[in-house]
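**Student:** Sharing a structure, written as structure tokens. Questions coming.
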2 protein chains.
Amino acid sequence: MKTIKVGLVGFGTIGTGVAKLLLLEKERICKRTGCDVQLVKIVDLDTTRDRGIQLPEGMLSADYHDILNDPEISLVVQLIGGTGVERTIMLEMIEAGKNIVTANKALLATYGEEIFCAARKKGVSVAFEAAVGGGIPIIAAISESLAANEIESIHAILNGTCNFILSNMEEHGSDYAPTLKEAQRLGFAEANPAMDVEGSDTAQKLSILSHIAFGVHLDWKDIPKVGIETVSGTDFRYAKLLGYSIKLLAIANRLRSENGAPDKLELSVCPTMVKKGSPIAAVSGAYNAVSVIGDAVEHSFYYGKGAGELPTASAVVADVIDTIVGRTKITFDTLDLWNPEKPAENIEIAKAADVTGRYYLRVMVEDRLGVIADLADILSKAGISICSCVQENSNDNIIPIIIMTHETTEGAILGAIGSINQLDCVVNETVRMRIYG
Amino acid sequence: MKTIKVGLVGFGTIGTGVAKLLLLEKERICKRTGCDVQLVKIVDLDTTRDRGIQLPEGMLSADYHDILNDPEISLVVQLIGGTGVERTIMLEMIEAGKNIVTANKALLATYGEEIFCAARKKGVSVAFEAAVGGGIPIIAAISESLAANEIESIHAILNGTCNFILSNMEEHGSDYAPTLKEAQRLGFAEANPAMDVEGSDTAQKLSILSHIAFGVHLDWKDIPKVGIETVSGTDFRYAKLLGYSIKLLAIANRLRSENGAPDKLELSVCPTMVKKGSPIAAVSGAYNAVSVIGDAVEHSFYYGKGAGELPTASAVVADVIDTIVGRTKITFDTLDLWNPEKPAENIEIAKAADVTGRYYLRVMVEDRLGVIADLADILSKAGISICSCVQENSNDNIIPIIIMTHETTEGAILGAIGSINQLDCVVNETVRMRIYG
């Protein structure tokens with residue numbers, strides 16, 4: 001039986017899960033690869049914390065060169081987050097001829113081209129199923145199982161922290177700030193939750209999915225994004241009334257062009273009113289889900305734990321197995337991702353301002369006559385058609401006005417919101433969400 | 001660019017979809033394989049019917065020897081249903097050294113061992129993603145993406161016809177017979193729907209999933225199954241009242257044993273009360289869905305069109321692509337399915353009578369005093385604990401008594417139902433369903 005030596009960089013939550021599977025379920029991994037898969041070295045700056053797993057003497061080290069310089073280690077699982085030293089380490093590992101399995105979406109979303117070109121040059125592969133959607137095999141689904149399709153759209157919940165917070169707000173009728181605190185207490189949100197709640201993490205994952213599904217090259221920072229901090233209990237009350245749930249949705253939507261002109265790809269990350277009854281509206285808690293429409297398969301939907309020790313480790317170890325048996329290399333070669341020399345697909349990324357959709361607006365105003373007329377006038381001048389407008393009777397002086405629009409553009413909505421926010425009677429930044437379904 | 005010649009046996013609904021993708025989307029398939037993939041021959045007994053696609057002169061033939069005897073055809077897509085001549089043709093194609101892609105679940109469920117042993121002997125591969133779950137990549141998910149897991153359970157809707165009928169009964173409050181007629185009129189049910197509505201099709205698919213997920217060898221006919229013919233509008237009324245939906249569920253459930261004794265695998269196909277709010281309860285119409293729990297990934301869920309020309313063709317052509325690029329052969333070799341020489345997994349199929357679960361019973365009785373006492377007595381003697389029992393007031397002489405049980409065994413329930421059906425006051429066969437969630 002062939003022996004494969006594996007090194008693991010990063011011994012945090014997912015790293016611990018991977019170590020558990022590779023060490024404690026060794027027999028299983030051997031059976032499924034036909035090889036003796038040996039985890040021989042784990043590197044982490046913290047070499048003392050108890051992770052609940054007993055490692056053999058000498059396996060844990062603080063120096064990644066212990067893996068880099070061991071020529072017998074042919075496969076490196078890199079599970080450290082960030083794009084600084086992590087980039088250097090990955091490029092050095094590739095340069096040393098090691099196959100890579102990683103969950104670092106920020107690194108791929110930012111330096112995908114550099115990393116994949118280096119790997120191609122060196123003849124090694126990079127697998128990254130765990131970078132998007134945790135335990136959901138969405139990378140394999142799009143790049144292999146749906147390979148007969150041209151993808152029409154992706155609508156996805158890709159951040160468990162945001163979905164946990166939004167689900168809890170919906171369930172308990174609570175507001176954002178206390179729910180975030182509770183999520184932090186329970187370990188579902190980081191001490192600094194900015195990357196999650198502002199939508200950057202979701203945008204990075206969407207950029208990776210978009211590259212695979214549509215062949216577009218893009219900077220994740222160019223994806224228009226709105227975070228969840230502005231979503232309030234009031235929004236959930238209206239969502240419920242109107243038959244919607246609220247999710248932070250990553251959207252990639254192909255707009256077909258005619259006469260051979262390039263299709264347009266609309267991208268956005270935004271709190272979204274999702275019609276109840278659709279599978280994605282039922283996704284609650286720390287789960288992730290991806291809804292994919294392909295021109296042959298039609299609607300398909302994938303759901304699972306978006307984070308966590310063993311669910312994410314499940315995806316990492318699947319990549320380890322795929323790499324060892326040789327499937328990864330085939331997929332890596334045929335997909336030819338992040339290759340600037342590959343002929344471009346006939347699709348262009350729509351300008352942020354041109355992205356179309358229906359919108360929900362919540363305008364907080366001082367209650368006085370004529371407010372709705374003022375708002376309607378601004379929207380009308382921006383070319384935005386109103387679908388419905390609700391102003392509840394209230395004893396409060398500050399009241400919400402809820403507007404649902406017909407299809408319009410992100411640019412028109414942003415312009416209108418700018419004008420609305422300048423009205424004397426408007427007391428807070430106007431909240432906007434997209435509407436789906 | 002390498003040329004791959006493909007033959008297609010079976011030019012029905014799925015075959016037409018496959019021909020459309022291979023002929024009309026040739027550029028796409030070439031890009032994703034790096035090969036010039038040429039569909040060169042289609043065989044079907046009906047060579048005259050218009051399938052809405054223009055074939056090159058001479059491509060369509062009624063004689064499968066046109067494919068069998070063409071040494072340039074290295075890949076055969078076999079899409080004819082049934083287990084008679086279809087078995088002969090597949091074995092001959094394998095013997096001629098051709099790689100196989102098929103959607104024939106009956107053939108695999110019945111002759112899997114013979115077919116896979118023949119393919120192994122000849123060094124070719126058999127791919128069958130489309131055999132289970134139509135467009136849902138559930139074979140790839142279980143055999144590749146979840147390879148790091150030991151599977152705990154599968155709960156699945158695998159028959160679009162049954163789900164279409166049950167969804168329509170639920171939505172319109174209608175009974176079975178008229179809904180089946182409507183499904184036949186709309187093309188969602190065959191003229192002879194027995195294989196679907198009696199649960200045989202579902203049991204065949206469950207046997208294939210169970211073989212891959214749990215490594216068990218089984219005859220699909222041994223899976224205890226109940227069809228949907230006995231489900232009535234009354235059942236849906238009670239299901240709604242109790243917060244359930246009714247689905248024909250295929251269930252495979254691992255019961256862990258201790259001290260190294262083999263685990264038990266419970267298998268069943270039965271109309272099932274599924275708690276609303278779970279993803280699988282929301283699956284309506286002709287969709288399929290599979291809920292998989294793995295020991296690492298925890299709960300994962302896959303959803304998509306279970307049938308239809310292009311959705312199923314999407315899975316078939318994904319297999320064609322996988323076969324051409326070489327992924328299929330790797331998976332075929334490492335999984336080593338239906339191999340009697342492979343060491344058995346430490347798991348045994350539970351006897352049908354020992355399969356455990358909670359049950360819903362609907363007993364149709366003549367309204368008289370003491371009926372419930374009689375029923376309770378029978379259940380008590382069978383060791384079955386009652387969770388709830390409802391008997392509505394009614395002016396009818398014949399009334400339903402609805403009983404929900406606590407956990408019991410299939411054997412105990414069957415015994416009790418036998419006794420119940422012999423009571424003088426019981427006017428119809430007692431209807432049983434399982435309860436899930």
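Every chain in the structure tokens takes a letter, A first, then B, and so on in the order presented; its residues are numbered from 1, and the ligands are numbered from 1 following the presented order.
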So which residues touch B:Leu75 within 10 Å, counting only C-alpha atoms, skipping near sequence neighbours fewer than 5 positions away, as a list in words?
**Tutor:**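 Answer for this query is Ile4, Lys5, Val6, Gly7, Leu8, Leu39, Ile67, Met93, Ile94, Gly97, Lys98, Asn99, Ile100, Val101, Val124, Ser125, Val126, Val320, Thr323 and Ile324 of chain B.
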**Student:** Write to file, as an mmCIF file, in the first residue's frame, the residues of the selection just made, with N, CA and C atoms.
**Tutor:**
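Dumped everything to part.cif:
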```
data_model
loop_
_atom_site.group_PDB
_atom_site.id
_atom_site.type_symbol
_atom_site.label_atom_id
_atom_site.label_comp_id
_atom_site.auth_asym_id
_atom_site.auth_seq_id
_atom_site.Cartn_x
_atom_site.Cartn_y
_atom_site.Cartn_z
ATOM 1 N N ILE B 4 -13.534 11.779 -29.252
ATOM 2 C CA ILE B 4 -14.196 10.690 -28.528
ATOM 3 C C ILE B 4 -15.533 10.439 -29.219
ATOM 4 N N LYS B 5 -15.747 9.215 -29.674
ATOM 5 C CA LYS B 5 -17.005 8.878 -30.335
ATOM 6 C C LYS B 5 -17.968 8.210 -29.360
ATOM 7 N N VAL B 6 -19.173 8.739 -29.336
ATOM 8 C CA VAL B 6 -20.172 8.304 -28.363
ATOM 9 C C VAL B 6 -21.365 7.679 -29.079
ATOM 10 N N GLY B 7 -21.872 6.565 -28.543
ATOM 11 C CA GLY B 7 -23.106 5.962 -29.035
ATOM 12 C C GLY B 7 -24.187 6.080 -27.980
ATOM 13 N N LEU B 8 -25.428 6.261 -28.427
ATOM 14 C CA LEU B 8 -26.545 6.427 -27.496
ATOM 15 C C LEU B 8 -27.587 5.347 -27.774
ATOM 16 N N LEU B 39 -21.212 12.621 -30.889
ATOM 17 C CA LEU B 39 -22.293 11.640 -30.845
ATOM 18 C C LEU B 39 -22.458 11.132 -32.276
ATOM 19 N N ILE B 67 -23.748 0.149 -32.934
ATOM 20 C CA ILE B 67 -22.838 0.723 -31.933
ATOM 21 C C ILE B 67 -21.851 -0.340 -31.456
ATOM 22 N N MET B 93 -21.984 -4.602 -24.591
ATOM 23 C CA MET B 93 -21.231 -3.361 -24.778
ATOM 24 C C MET B 93 -19.966 -3.375 -23.912
ATOM 25 N N ILE B 94 -20.112 -3.837 -22.674
ATOM 26 C CA ILE B 94 -18.959 -3.929 -21.775
ATOM 27 C C ILE B 94 -17.939 -4.914 -22.344
ATOM 28 N N GLY B 97 -15.643 -3.687 -24.669
ATOM 29 C CA GLY B 97 -14.644 -2.730 -24.184
ATOM 30 C C GLY B 97 -15.100 -1.291 -24.146
ATOM 31 N N LYS B 98 -16.418 -1.076 -24.126
ATOM 32 C CA LYS B 98 -16.917 0.302 -24.125
ATOM 33 C C LYS B 98 -17.239 0.754 -22.700
ATOM 34 N N ASN B 99 -16.900 2.005 -22.388
ATOM 35 C CA ASN B 99 -17.303 2.595 -21.113
ATOM 36 C C ASN B 99 -18.788 2.895 -21.161
ATOM 37 N N ILE B 100 -19.453 2.733 -20.001
ATOM 38 C CA ILE B 100 -20.905 2.852 -19.950
ATOM 39 C C ILE B 100 -21.330 4.041 -19.101
ATOM 40 N N VAL B 101 -22.325 4.783 -19.588
ATOM 41 C CA VAL B 101 -23.055 5.755 -18.764
ATOM 42 C C VAL B 101 -24.517 5.353 -18.845
ATOM 43 N N VAL B 124 -13.228 -1.394 -18.037
ATOM 44 C CA VAL B 124 -14.007 -0.196 -18.387
ATOM 45 C C VAL B 124 -14.780 0.279 -17.150
ATOM 46 N N SER B 125 -15.446 1.410 -17.277
ATOM 47 C CA SER B 125 -16.166 1.975 -16.130
ATOM 48 C C SER B 125 -17.662 2.056 -16.408
ATOM 49 N N VAL B 126 -18.439 2.085 -15.341
ATOM 50 C CA VAL B 126 -19.887 2.288 -15.440
ATOM 51 C C VAL B 126 -20.240 3.496 -14.571
ATOM 52 N N VAL B 320 -20.819 11.640 -18.797
ATOM 53 C CA VAL B 320 -20.066 11.529 -20.053
ATOM 54 C C VAL B 320 -18.767 12.321 -19.929
ATOM 55 N N THR B 323 -16.398 10.658 -17.501
ATOM 56 C CA THR B 323 -15.793 9.455 -18.087
ATOM 57 C C THR B 323 -14.663 9.834 -19.039
ATOM 58 N N ILE B 324 -14.912 10.872 -19.839
ATOM 59 C CA ILE B 324 -13.910 11.271 -20.830
ATOM 60 C C ILE B 324 -12.648 11.833 -20.155
#
```
**Student:** Output the contact residues of chain A with respect to chain B at a cut-off of 7 Å, based on only C-alpha atoms, as a PyMOL selection string.
**Tutor:** chain A and resi 29+32-34+135-137+144-149+279+282+296-305+310-311+314-315+317-318+325+327+330+334
**Student:** Kindly export the residues of the current selection with C-alpha atoms, as a JSON list (two decimals), in the first residue's frame.
**Tutor:**
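Output saved as again-v7.json:
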```json
[["chain", "number", "residue", "atom", "x", "y", "z"],
["A", 29, "ILE", "CA", -9.43, 7.26, 4.87],
["A", 32, "ARG", "CA", -11.32, 5.23, 0.48],
["A", 33, "THR", "CA", -7.96, 6.13, -1.03],
["A", 34, "GLY", "CA", -6.29, 2.75, -1.23],
["A", 135, "GLY", "CA", -19.71, 21.10, 4.37],
["A", 136, "ILE", "CA", -21.79, 21.74, 1.25],
["A", 137, "PRO", "CA", -20.08, 20.25, -1.83],
["A", 144, "GLU", "CA", -18.19, 18.69, -12.04],
["A", 145, "SER", "CA", -21.80, 17.62, -11.52],
["A", 146, "LEU", "CA", -23.29, 20.58, -13.41],
["A", 147, "ALA", "CA", -20.59, 20.62, -16.09],
["A", 148, "ALA", "CA", -23.17, 19.96, -18.83],
["A", 149, "ASN", "CA", -24.92, 23.23, -17.95],
["A", 279, "PRO", "CA", -36.20, 26.23, -0.03],
["A", 282, "ALA", "CA", -36.36, 27.94, 5.18],
["A", 296, "ALA", "CA", -30.28, 21.91, -18.38],
["A", 297, "VAL", "CA", -30.69, 20.90, -14.73],
["A", 298, "GLU", "CA", -33.11, 23.78, -14.00],
["A", 299, "HIS", "CA", -33.39, 24.47, -10.25],
["A", 300, "SER", "CA", -31.04, 22.64, -7.90],
["A", 301, "PHE", "CA", -30.42, 23.37, -4.25],
["A", 302, "TYR", "CA", -27.68, 22.42, -1.77],
["A", 303, "TYR", "CA", -27.84, 22.84, 1.99],
["A", 304, "GLY", "CA", -25.60, 22.08, 4.94],
["A", 305, "LYS", "CA", -23.56, 23.36, 7.84],
["A", 310, "LEU", "CA", -16.26, 18.56, 11.60],
["A", 311, "PRO", "CA", -18.64, 19.78, 8.86],
["A", 314, "SER", "CA", -15.57, 16.84, 6.00],
["A", 315, "ALA", "CA", -15.06, 19.03, 2.92],
["A", 317, "VAL", "CA", -10.77, 15.65, 3.92],
["A", 318, "ALA", "CA", -12.89, 14.96, 0.82],
["A", 325, "VAL", "CA", -6.76, 9.32, -5.80],
["A", 327, "ARG", "CA", -9.52, 13.35, -9.23],
["A", 330, "ILE", "CA", -7.95, 16.12, -13.47],
["A", 334, "THR", "CA", -9.63, 20.67, -17.14]]
```
**Student:** Might you pull out every residue within 10 Å of B:Ile89, with only C-alpha atoms counted and same-chain residues fewer than 2 positions away left off, and present them as a ChimeraX atom specification?
**Tutor:** /B:9,64-65,68,78,80,84-87,91-95
**Student:** Using C-alpha atoms, can you export the residues from the last selection as a short mmCIF file (atom, residue, chain, number, x, y, z; two decimals), in the first residue's frame?
**Tutor:**
```cif
data_model
loop_
_atom_site.label_atom_id
_atom_site.label_comp_id
_atom_site.auth_asym_id
_atom_site.auth_seq_id
_atom_site.Cartn_x
_atom_site.Cartn_y
_atom_site.Cartn_z
CA VAL B 9 -28.93 3.52 -26.90
CA TYR B 64 -27.68 -1.75 -31.42
CA HIS B 65 -25.04 -3.76 -33.26
CA LEU B 68 -21.58 -2.60 -30.58
CA GLN B 78 -27.51 3.41 -22.35
CA ILE B 80 -33.33 2.11 -22.15
CA GLY B 84 -34.37 -7.98 -20.03
CA VAL B 85 -32.70 -7.23 -23.33
CA GLU B 86 -31.23 -4.13 -21.65
CA ARG B 87 -29.04 -6.40 -19.51
CA LEU B 91 -23.08 -6.79 -20.99
CA GLU B 92 -22.29 -7.00 -24.70
CA MET B 93 -21.23 -3.36 -24.78
CA ILE B 94 -18.96 -3.93 -21.77
CA GLU B 95 -17.55 -7.10 -23.34
#
```
**Student:** Return as an NGL selection string the full set of residues in stretch 200-420 of chain A whose backbone-based DSSP assignment is alpha helix (DSSP H).
**Tutor:** :A and (200-214 or 233-242 or 309-325 or 327-335 or 371-381 or 410-420)
**Student:** Just how far from atom CA of A:Phe214 is atom CA of A:Ile347, in Å to one decimal?
**Tutor:** 7.6 Å
**Student:** Could you pull out the strand (DSSP E or B) residues of stretch 107-156 of chain A from DSSP and send them as a PyMOL selection string?
**Tutor:** chain A and resi 126-127+151-156
**Student:** Since we have the selection now, will you write its residues out, keeping N, CA and C atoms, as an mmCIF file, in the first residue's frame?
**Tutor:**
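Saved to out.cif:
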```cif
data_model
loop_
_atom_site.group_PDB
_atom_site.id
_atom_site.type_symbol
_atom_site.label_atom_id
_atom_site.label_comp_id
_atom_site.auth_asym_id
_atom_site.auth_seq_id
_atom_site.Cartn_x
_atom_site.Cartn_y
_atom_site.Cartn_z
ATOM 1 N N VAL A 126 -4.495 22.573 -6.594
ATOM 2 C CA VAL A 126 -5.045 23.292 -5.442
ATOM 3 C C VAL A 126 -6.523 22.923 -5.343
ATOM 4 N N ALA A 127 -6.939 22.393 -4.204
ATOM 5 C CA ALA A 127 -8.346 22.038 -3.992
ATOM 6 C C ALA A 127 -8.907 22.940 -2.903
ATOM 7 N N ILE A 151 -24.586 27.959 -16.442
ATOM 8 C CA ILE A 151 -25.269 28.384 -15.220
ATOM 9 C C ILE A 151 -26.010 29.701 -15.490
ATOM 10 N N GLU A 152 -27.274 29.722 -15.052
ATOM 11 C CA GLU A 152 -28.086 30.930 -15.237
ATOM 12 C C GLU A 152 -27.986 31.846 -14.023
ATOM 13 N N SER A 153 -28.046 31.258 -12.830
ATOM 14 C CA SER A 153 -28.007 32.094 -11.633
ATOM 15 C C SER A 153 -27.595 31.306 -10.410
ATOM 16 N N ILE A 154 -27.079 32.034 -9.435
ATOM 17 C CA ILE A 154 -26.761 31.484 -8.114
ATOM 18 C C ILE A 154 -27.367 32.426 -7.082
ATOM 19 N N HIS A 155 -28.122 31.873 -6.156
ATOM 20 C CA HIS A 155 -28.613 32.640 -5.014
ATOM 21 C C HIS A 155 -28.195 31.871 -3.774
ATOM 22 N N ALA A 156 -27.422 32.501 -2.899
ATOM 23 C CA ALA A 156 -26.805 31.704 -1.844
ATOM 24 C C ALA A 156 -26.718 32.420 -0.510
#
```
**Student:** What lies within 8 Å of A:Gly383 using only C-alpha atoms, ignoring chain neighbours under 2 positions off, as a ChimeraX atom specification?
**Tutor:** /A:379-381,385,408,412
